[in-house]
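One file, work.pdb, is given below (PDB, C-alpha atoms and all ligand atoms).
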ATOM      1  CA  MET R   1     170.049 106.938  73.276
ATOM      2  CA  LYS R   2     170.942 109.985  75.381
ATOM      3  CA  VAL R   3     169.882 110.705  78.939
ATOM      4  CA  PHE R   4     169.426 114.208  80.376
ATOM      5  CA  GLU R   5     169.469 114.442  84.162
ATOM      6  CA  ILE R   6     167.570 117.186  85.956
ATOM      7  CA  PRO R   7     167.238 116.908  89.747
ATOM      8  CA  GLY R   8     164.413 114.379  90.323
ATOM      9  CA  HIS R   9     163.711 114.008  86.601
ATOM     10  CA  GLN R  10     165.286 111.996  83.804
ATOM     11  CA  VAL R  11     164.662 112.606  80.120
ATOM     12  CA  ILE R  12     165.582 109.748  77.790
ATOM     13  CA  TRP R  13     165.925 110.706  74.142
ATOM     14  CA  GLY R  14     165.593 107.402  72.327
ATOM     15  CA  ASP R  15     163.408 104.475  71.324
ATOM     16  CA  VAL R  16     160.970 103.137  73.897
ATOM     17  CA  ILE R  17     162.060  99.486  73.648
ATOM     18  CA  ASP R  18     165.772 100.366  73.890
ATOM     19  CA  ALA R  19     165.140 102.650  76.843
ATOM     20  CA  LEU R  20     163.056 100.051  78.706
ATOM     21  CA  GLU R  21     165.567  97.286  78.006
ATOM     22  CA  THR R  22     168.702  99.185  78.933
ATOM     23  CA  GLY R  23     167.888 102.453  80.719
ATOM     24  CA  ILE R  24     165.408 101.643  83.495
ATOM     25  CA  GLU R  25     165.800  99.318  86.459
ATOM     26  CA  ASP R  26     163.315  96.496  86.997
ATOM     27  CA  ASN R  27     160.874  96.900  89.896
ATOM     28  CA  SER R  28     161.587 100.635  90.247
ATOM     29  CA  ILE R  29     158.522 102.461  88.888
ATOM     30  CA  HIS R  30     155.385 103.284  90.897
ATOM     31  CA  LEU R  31     153.247 104.641  88.061
ATOM     32  CA  ILE R  32     153.465 104.217  84.283
ATOM     33  CA  PHE R  33     151.548 106.403  81.848
ATOM     34  CA  ALA R  34     151.541 105.110  78.270
ATOM     35  CA  ASP R  35     150.126 107.278  75.494
ATOM     36  CA  PRO R  36     151.637 105.663  72.388
ATOM     37  CA  PRO R  37     151.170 106.609  68.749
ATOM     38  CA  TYR R  38     147.687 105.253  67.938
ATOM     39  CA  ASN R  39     148.472 104.025  64.390
ATOM     40  CA  ILE R  40     145.816 106.292  62.927
ATOM     41  CA  GLY R  41     148.071 108.197  60.537
ATOM     42  CA  LYS R  42     149.267 111.039  62.790
ATOM     43  CA  ILE R  43     152.508 112.783  61.912
ATOM     44  CA  PHE R  44     155.051 113.252  64.707
ATOM     45  CA  ASN R  45     157.813 115.713  63.834
ATOM     46  CA  GLY R  46     157.351 115.043  60.126
ATOM     47  CA  LYS R  47     157.272 111.237  60.495
ATOM     48  CA  LYS R  48     154.022 109.422  59.714
ATOM     49  CA  GLU R  49     153.100 106.496  61.962
ATOM     50  CA  GLN R  50     153.567 103.404  59.813
ATOM     51  CA  TRP R  51     153.005  99.857  60.864
ATOM     52  CA  LYS R  52     152.360  97.150  58.277
ATOM     53  CA  GLY R  53     148.872  96.281  59.446
ATOM     54  CA  ASP R  54     147.110  95.919  62.768
ATOM     55  CA  ASP R  55     149.002  92.821  63.901
ATOM     56  CA  ALA R  56     152.380  94.518  63.474
ATOM     57  CA  TYR R  57     151.147  97.488  65.497
ATOM     58  CA  LEU R  58     149.693  95.322  68.263
ATOM     59  CA  ASP R  59     152.850  93.154  68.423
ATOM     60  CA  TRP R  60     154.873  96.317  68.950
ATOM     61  CA  CYS R  61     152.504  97.386  71.773
ATOM     62  CA  TYR R  62     152.745  93.946  73.420
ATOM     63  CA  GLN R  63     156.550  94.206  73.312
ATOM     64  CA  TRP R  64     156.756  97.422  75.360
ATOM     65  CA  LEU R  65     153.845  96.434  77.608
ATOM     66  CA  GLU R  66     155.663  93.216  78.548
ATOM     67  CA  LEU R  67     158.733  95.259  79.500
ATOM     68  CA  CYS R  68     156.552  97.629  81.548
ATOM     69  CA  LEU R  69     155.390  94.771  83.753
ATOM     70  CA  ARG R  70     159.011  94.192  84.792
ATOM     71  CA  LYS R  71     159.618  97.869  85.552
ATOM     72  CA  LEU R  72     156.597  98.317  87.857
ATOM     73  CA  THR R  73     157.036  97.805  91.603
ATOM     74  CA  THR R  74     154.858  95.106  93.181
ATOM     75  CA  THR R  75     152.343  97.821  94.133
ATOM     76  CA  GLY R  76     152.630  99.653  90.815
ATOM     77  CA  THR R  77     149.955 101.047  88.497
ATOM     78  CA  LEU R  78     149.662 101.390  84.731
ATOM     79  CA  TYR R  79     147.437 103.792  82.783
ATOM     80  CA  LEU R  80     147.227 102.932  79.093
ATOM     81  CA  MET R  81     145.682 105.060  76.360
ATOM     82  CA  SER R  82     144.948 103.817  72.867
ATOM     83  CA  ALA R  83     142.729 104.275  69.849
ATOM     84  CA  THR R  84     139.215 102.901  70.356
ATOM     85  CA  GLN R  85     139.736 100.180  67.730
ATOM     86  CA  TYR R  86     142.881  98.784  69.387
ATOM     87  CA  MET R  87     141.803  98.998  73.003
ATOM     88  CA  PRO R  88     139.804  95.718  73.040
ATOM     89  CA  HIS R  89     142.949  93.791  71.986
ATOM     90  CA  LEU R  90     145.135  95.542  74.546
ATOM     91  CA  ASP R  91     142.484  95.071  77.223
ATOM     92  CA  ILE R  92     142.384  91.288  76.651
ATOM     93  CA  TYR R  93     146.186  91.153  76.645
ATOM     94  CA  LEU R  94     146.447  93.082  79.926
ATOM     95  CA  GLN R  95     143.648  91.169  81.667
ATOM     96  CA  LYS R  96     145.970  88.148  81.707
ATOM     97  CA  ARG R  97     148.830  90.076  83.285
ATOM     98  CA  LEU R  98     147.398  92.823  85.535
ATOM     99  CA  THR R  99     144.106  93.602  87.247
ATOM    100  CA  ILE R 100     142.140  96.176  85.294
ATOM    101  CA  LEU R 101     140.248  98.277  87.828
ATOM    102  CA  SER R 102     138.672 100.899  85.562
ATOM    103  CA  ARG R 103     137.972 101.413  81.900
ATOM    104  CA  ILE R 104     137.973 105.196  81.675
ATOM    105  CA  VAL R 105     136.488 107.322  78.927
ATOM    106  CA  TRP R 106     138.225 110.641  78.418
ATOM    107  CA  HIS R 107     135.458 112.719  76.835
ATOM    108  CA  TYR R 108     135.865 116.100  75.175
ATOM    109  CA  ASP R 109     134.025 118.333  72.786
ATOM    110  CA  SER R 110     135.210 119.080  69.307
ATOM    111  CA  SER R 111     134.996 122.384  67.516
ATOM    112  CA  GLY R 112     136.976 121.243  64.460
ATOM    113  CA  MET R 113     135.823 119.230  61.448
ATOM    114  CA  GLN R 114     132.532 117.505  62.274
ATOM    115  CA  ALA R 115     131.610 114.047  60.966
ATOM    116  CA  LYS R 116     128.771 114.357  58.463
ATOM    117  CA  LYS R 117     127.741 110.747  57.829
ATOM    118  CA  TYR R 118     128.578 108.968  61.062
ATOM    119  CA  PHE R 119     128.818 109.747  64.776
ATOM    120  CA  GLY R 120     132.093 111.586  65.314
ATOM    121  CA  SER R 121     134.476 110.354  67.996
ATOM    122  CA  LEU R 122     134.507 112.486  71.123
ATOM    123  CA  TYR R 123     136.408 110.214  73.478
ATOM    124  CA  GLU R 124     139.575 108.246  74.023
ATOM    125  CA  PRO R 125     139.713 105.139  76.214
ATOM    126  CA  ILE R 126     142.131 104.743  79.127
ATOM    127  CA  LEU R 127     142.777 101.525  81.073
ATOM    128  CA  PHE R 128     143.664 101.784  84.752
ATOM    129  CA  ALA R 129     145.405  98.571  85.851
ATOM    130  CA  VAL R 130     147.360  97.497  88.921
ATOM    131  CA  LYS R 131     149.803  94.711  89.710
ATOM    132  CA  ASN R 132     148.254  93.823  93.043
ATOM    133  CA  PRO R 133     144.559  94.678  93.646
ATOM    134  CA  GLN R 134     145.090  94.127  97.404
ATOM    135  CA  ASN R 135     147.876  96.691  97.619
ATOM    136  CA  TYR R 136     148.066  99.732  95.363
ATOM    137  CA  THR R 137     147.994 103.521  95.737
ATOM    138  CA  PHE R 138     144.655 105.278  95.318
ATOM    139  CA  ASN R 139     144.457 108.709  96.942
ATOM    140  CA  ALA R 140     140.694 109.141  96.701
ATOM    141  CA  ASP R 141     140.614 112.339  98.752
ATOM    142  CA  GLU R 142     143.121 114.052  96.446
ATOM    143  CA  ILE R 143     140.858 113.836  93.402
ATOM    144  CA  ARG R 144     137.357 114.465  94.752
ATOM    145  CA  VAL R 145     134.995 116.423  92.519
ATOM    146  CA  GLU R 146     131.699 118.164  93.167
ATOM    147  CA  ALA R 147     128.786 115.728  93.568
ATOM    148  CA  LYS R 148     126.290 117.679  91.533
ATOM    149  CA  THR R 149     122.950 116.334  92.808
ATOM    150  CA  GLY R 150     123.593 116.629  96.500
ATOM    151  CA  ALA R 151     125.668 119.780  96.382
ATOM    152  CA  VAL R 152     123.461 121.856  94.114
ATOM    153  CA  ARG R 153     120.077 120.884  95.503
ATOM    154  CA  LYS R 154     121.274 120.464  99.096
ATOM    155  CA  LEU R 155     119.318 117.220  99.469
ATOM    156  CA  ILE R 156     119.001 115.637 102.878
ATOM    157  CA  ASP R 157     119.504 111.910 103.247
ATOM    158  CA  TYR R 158     116.776 110.750 105.686
ATOM    159  CA  ARG R 159     117.891 107.105 105.586
ATOM    160  CA  LYS R 160     120.670 107.821 108.070
ATOM    161  CA  SER R 161     119.993 107.535 111.824
ATOM    162  CA  GLU R 162     120.478 111.318 111.941
ATOM    163  CA  PRO R 163     119.354 112.948 108.656
ATOM    164  CA  ALA R 164     122.317 114.694 107.026
ATOM    165  CA  PRO R 165     122.981 116.494 103.746
ATOM    166  CA  TYR R 166     124.231 114.278 100.949
ATOM    167  CA  CYS R 167     127.964 114.389 100.503
ATOM    168  CA  THR R 168     128.923 117.362  98.380
ATOM    169  CA  THR R 169     131.966 115.696  96.831
ATOM    170  CA  LYS R 170     132.677 112.318  95.292
ATOM    171  CA  ILE R 171     135.399 110.289  93.616
ATOM    172  CA  PRO R 172     135.070 110.839  89.859
ATOM    173  CA  GLY R 173     133.340 108.101  87.878
ATOM    174  CA  ASN R 174     134.911 106.571  84.801
ATOM    175  CA  VAL R 175     133.765 109.237  82.324
ATOM    176  CA  TRP R 176     136.054 112.231  82.539
ATOM    177  CA  TYR R 177     135.076 115.433  80.763
ATOM    178  CA  ILE R 178     138.311 117.356  80.300
ATOM    179  CA  PRO R 179     138.728 119.794  77.384
ATOM    180  CA  ARG R 180     141.507 119.102  74.899
ATOM    181  CA  VAL R 181     144.521 121.393  74.751
ATOM    182  CA  ARG R 182     143.878 124.145  72.241
ATOM    183  CA  TYR R 183     146.180 126.607  70.506
ATOM    184  CA  LYS R 184     146.767 129.677  72.713
ATOM    185  CA  MET R 185     145.963 127.879  75.971
ATOM    186  CA  PRO R 186     148.917 128.622  78.294
ATOM    187  CA  GLU R 187     149.916 124.928  78.379
ATOM    188  CA  TYR R 188     149.832 124.534  74.551
ATOM    189  CA  ARG R 189     153.009 123.253  72.865
ATOM    190  CA  LYS R 190     153.499 122.460  69.184
ATOM    191  CA  HIS R 191     152.570 118.759  69.000
ATOM    192  CA  PRO R 192     149.632 116.967  67.342
ATOM    193  CA  THR R 193     148.397 114.949  70.327
ATOM    194  CA  GLN R 194     149.266 116.863  73.495
ATOM    195  CA  LYS R 195     147.323 115.670  76.547
ATOM    196  CA  PRO R 196     145.879 118.179  79.047
ATOM    197  CA  GLU R 197     147.594 118.767  82.370
ATOM    198  CA  ALA R 198     144.217 118.266  84.100
ATOM    199  CA  LEU R 199     144.089 114.670  82.835
ATOM    200  CA  LEU R 200     147.567 113.839  84.107
ATOM    201  CA  GLU R 201     146.952 115.697  87.342
ATOM    202  CA  ARG R 202     144.060 113.401  88.214
ATOM    203  CA  ILE R 203     146.045 110.273  87.302
ATOM    204  CA  ILE R 204     149.203 111.295  89.145
ATOM    205  CA  LYS R 205     147.405 112.527  92.263
ATOM    206  CA  ALA R 206     145.276 109.380  92.458
ATOM    207  CA  SER R 207     147.935 106.781  91.759
ATOM    208  CA  SER R 208     151.193 108.071  93.223
ATOM    209  CA  ASN R 209     152.567 109.832  96.268
ATOM    210  CA  PRO R 210     155.124 112.646  96.535
ATOM    211  CA  GLY R 211     158.592 111.217  95.910
ATOM    212  CA  ASP R 212     157.294 108.280  93.801
ATOM    213  CA  VAL R 213     158.712 107.656  90.331
ATOM    214  CA  VAL R 214     156.359 108.237  87.389
ATOM    215  CA  LEU R 215     157.389 106.853  83.987
ATOM    216  CA  ASP R 216     155.996 108.215  80.722
ATOM    217  CA  LEU R 217     156.848 105.920  77.804
ATOM    218  CA  PHE R 218     155.902 108.367  75.016
ATOM    219  CA  ALA R 219     156.467 111.804  76.472
ATOM    220  CA  GLY R 220     155.514 114.040  73.493
ATOM    221  CA  THR R 221     155.214 117.467  75.100
ATOM    222  CA  PHE R 222     156.153 116.034  78.508
ATOM    223  CA  THR R 223     152.811 116.757  80.148
ATOM    224  CA  THR R 224     153.438 113.931  82.610
ATOM    225  CA  ALA R 225     156.888 115.208  83.585
ATOM    226  CA  ALA R 226     155.684 118.801  84.006
ATOM    227  CA  VAL R 227     152.767 117.763  86.226
ATOM    228  CA  SER R 228     154.964 115.313  88.180
ATOM    229  CA  GLN R 229     157.419 118.102  88.901
ATOM    230  CA  ARG R 230     154.617 120.414  90.090
ATOM    231  CA  LEU R 231     153.214 117.636  92.327
ATOM    232  CA  GLU R 232     156.638 116.728  93.748
ATOM    233  CA  ARG R 233     156.894 113.312  92.115
ATOM    234  CA  LYS R 234     160.032 112.126  90.329
ATOM    235  CA  SER R 235     159.758 111.356  86.633
ATOM    236  CA  ILE R 236     161.376 109.445  83.800
ATOM    237  CA  SER R 237     160.283 110.363  80.280
ATOM    238  CA  ILE R 238     161.085 108.623  76.993
ATOM    239  CA  GLU R 239     160.728 110.376  73.635
ATOM    240  CA  ARG R 240     162.168 109.527  70.219
ATOM    241  CA  GLU R 241     162.034 112.986  68.611
ATOM    242  CA  TYR R 242     164.624 115.543  69.687
ATOM    243  CA  GLU R 243     162.308 118.478  68.876
ATOM    244  CA  TYR R 244     159.895 117.172  71.526
ATOM    245  CA  VAL R 245     162.726 116.472  73.968
ATOM    246  CA  GLU R 246     163.569 120.173  73.705
ATOM    247  CA  ILE R 247     159.963 121.047  74.598
ATOM    248  CA  GLY R 248     160.229 118.700  77.569
ATOM    249  CA  LEU R 249     163.474 120.098  78.892
ATOM    250  CA  ASN R 250     162.014 123.552  78.569
ATOM    251  CA  ARG R 251     158.861 122.528  80.454
ATOM    252  CA  LEU R 252     161.052 121.109  83.204
ATOM    253  CA  GLY R 253     162.717 124.500  83.554
ATOM    254  CA  ILE R 254     165.915 123.939  81.554
ATOM    255  CA  THR R 255     166.880 126.696  79.118
ATOM    256  CA  MET R 256     168.085 125.462  75.763
ATOM    257  CA  ASN R 257     171.497 127.141  75.905
ATOM    258  CA  HIS R 258     172.232 125.087  79.029
ATOM    259  CA  PRO R 259     175.626 123.407  78.487
ATOM    260  CA  GLY R 260     175.517 119.746  77.422
ATOM    261  CA  LEU R 261     171.954 119.770  76.143
ATOM    262  CA  LYS R 262     172.502 119.723  72.399
ATOM    263  CA  PRO R 263     172.696 116.333  70.697
ATOM    264  CA  ASP R 264     176.178 114.945  69.942
TER     265      ASP R 264
HETATM  266  C1  LIG S 301     150.537 110.296  71.481
HETATM  267  S1  LIG S 301     152.061 111.132  71.574
HETATM  268  C2  LIG S 301     152.282 111.433  73.299
HETATM  269  C3  LIG S 301     151.725 112.777  73.722
HETATM  270  C4  LIG S 301     152.001 113.108  75.176
HETATM  271  N1  LIG S 301     151.241 112.255  76.080
HETATM  272  C5  LIG S 301     151.696 114.566  75.494
HETATM  273  O1  LIG S 301     150.932 114.868  76.431
HETATM  274  O2  LIG S 301     152.217 115.428  74.795
HETATM  275  C6  LIG S 301     153.212 109.842  71.249
HETATM  276  C7  LIG S 301     154.674 110.270  71.235
HETATM  277  O3  LIG S 301     155.478 109.085  71.109
HETATM  278  C8  LIG S 301     156.640 109.388  70.365
HETATM  279  N2  LIG S 301     157.151 108.103  69.822
HETATM  280  C9  LIG S 301     156.707 107.434  68.736
HETATM  281  N3  LIG S 301     157.381 106.278  68.583
HETATM  282  C10 LIG S 301     158.249 106.199  69.600
HETATM  283  C11 LIG S 301     159.220 105.233  69.997
HETATM  284  N4  LIG S 301     159.407 104.110  69.296
HETATM  285  N5  LIG S 301     159.944 105.465  71.100
HETATM  286  C12 LIG S 301     159.764 106.617  71.834
HETATM  287  N6  LIG S 301     158.864 107.578  71.501
HETATM  288  C13 LIG S 301     158.117 107.371  70.407
HETATM  289  C14 LIG S 301     156.152 110.379  69.313
HETATM  290  O4  LIG S 301     157.221 111.167  68.827
HETATM  291  C15 LIG S 301     155.097 111.178  70.073
HETATM  292  O5  LIG S 301     155.635 112.387  70.586
END
Let me see whether you can do it: turn the structure in this file into structure tokens.
Amino acid sequence: MKVFEIPGHQVIWGDVIDALETGIEDNSIHLIFADPPYNIGKIFNGKKEQWKGDDAYLDWCYQWLELCLRKLTTTGTLYLMSATQYMPHLDIYLQKRLTILSRIVWHYDSSGMQAKKYFGSLYEPILFAVKNPQNYTFNADEIRVEAKTGAVRKLIDYRKSEPAPYCTTKIPGNVWYIPRVRYKMPEYRKHPTQKPEALLERIIKASSNPGDVVLDLFAGTFTTAAVSQRLERKSISIEREYEYVEIGLNRLGITMNHPGLKPD
């Protein structure tokens, strides 16, 4: 395990369980974003995801999730992504340990290979869970979106004592249409499952405040760290593959000939 320190941001090159067990203080993290390998045969830096069956994969997920609970502050929040087929298991597991406030669908369109004999998958599920439902961060006004009906048609609500136009903005519902990152988009990095900055922006704005610590367990292209830096949050990112760590350091503004960055 090797740790790179950048003011306000820590990059941990190593295994997620090791890093959680030895590299991160208990009760120190305000927001955790977990976007693990989904066990659907993706290849990360030449290595194919390989668990011996569903139970082995889920046991591995339960191991790092259990550690996450210790790392969160008492007012902390967890966002968990997973493949659709595993989410029901993880949902039941988390229901016993946290309060799940939203089951979000990240929806996108696909222009690639289309399913021919079944309905192709155009979404990924995300759980939004908190430690204490009476006391957690939710910055509703930071993430408002256009309320299409009222705003476009300028409807008047006559049920109020003084008729007034319907609100033109609203807090997003639990279906989020956000396009996937495509080759040649400015944020694109070479990685098979990069998440869009817009997705992390909504999560980070809603569930943390400037100066809070955001932990990304499986950093990949370090979308979470890059957005945290832009939004003036601190970040800790864990990633097992050095090639992706390099992408992350670069996204955090570190040039690769910076002294002390190469692996020992
Ligand atoms: C689904 S991707 C994360 C993508 C990321 N959210 C982004 O926006 O780019 C999962 C990442 O976890 C990393 N990974 C897989 N197993 C790991 C482990 N045991 N410890 C740490 N990282 C791991 C992979 O190398 C991969 O980059």
Name each residue within 6 Å of ligand LIG 301 (chain S), counting only C-alpha atoms and all ligand atoms, as a VMD selection string.
chain R and resid 14 to 16 35 to 37 44 193 to 195 218 to 223 238 to 241
task: Find the residues around segment 124-131 of chain R up to 7 Å (all atoms listed in the file counted), leave out those fewer than 3 positions away in its own chain, and share them as a ChimeraX atom specification.
output: /R:74-84,98-107,136
Using Å and a single decimal, report how far atom CA of Gly41 of chain R sits from atom CA of Leu199 of chain R.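 Atom CA of Leu199 of chain R sits 23.6 Å away from atom CA of Gly41 of chain R.
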Tell me which residues come within 9 Å of (169.9, 105.5, 74.7), as a list in words, counting all atoms listed in the file in the file's coordinates.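 Nearby residues: Met1, Lys2, Val3, Ile12, Trp13, Gly14, Asp15, Asp18, Ala19, Thr22 and Gly23 of chain R.
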The residue from R:Glu21, R:Asp141, R:Asp54, R:Glu197 with the smallest atom-to-atom distance to Pro179 of chain R, counting all atoms listed in the file, is R:Glu197
The distance between atom CA of Ser207 of chain R and atom CA of Ile29 of chain R is 11.8 Å
Output, as AutoDock Vina command-line options, the centre and edge lengths in Å (one decimal) of the axis-aligned box that contains all listed atoms of segment 129-148 of chain R with 6 Å of margin on each side.
--center_x 138.0 --center_y 106.0 --center_z 92.3 --size_x 35.5 --size_y 36.3 --size_z 24.9
What separates atom CA of Tyr108 of chain R and atom CA of Asp59 of chain R is a distance of 29.3 Å
Q. Which residues match the PyMOL selection byres (((chain R and resi 122) around 7) and not hetatm) in the file above, as an MDAnalysis selection string?
A. chainID R and resid 107:110 120:121 123
- Task: For the structure shown, which residues end up in the PyMOL selection byres (((chain R and resi 49) around 9) and not hetatm)? Put them as a ChimeraX atom specification, please?
- Result: /R:37-44,47-48,50-51
| task | Have a look at R:Arg189, R:Ser208, R:Ala115, R:Leu231 and name the one nearest to Arg251 of chain R; count all atoms listed in the file. | result |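 Looking only at the distances to Arg251 of chain R, the closest residue turns out to be R:Arg189.
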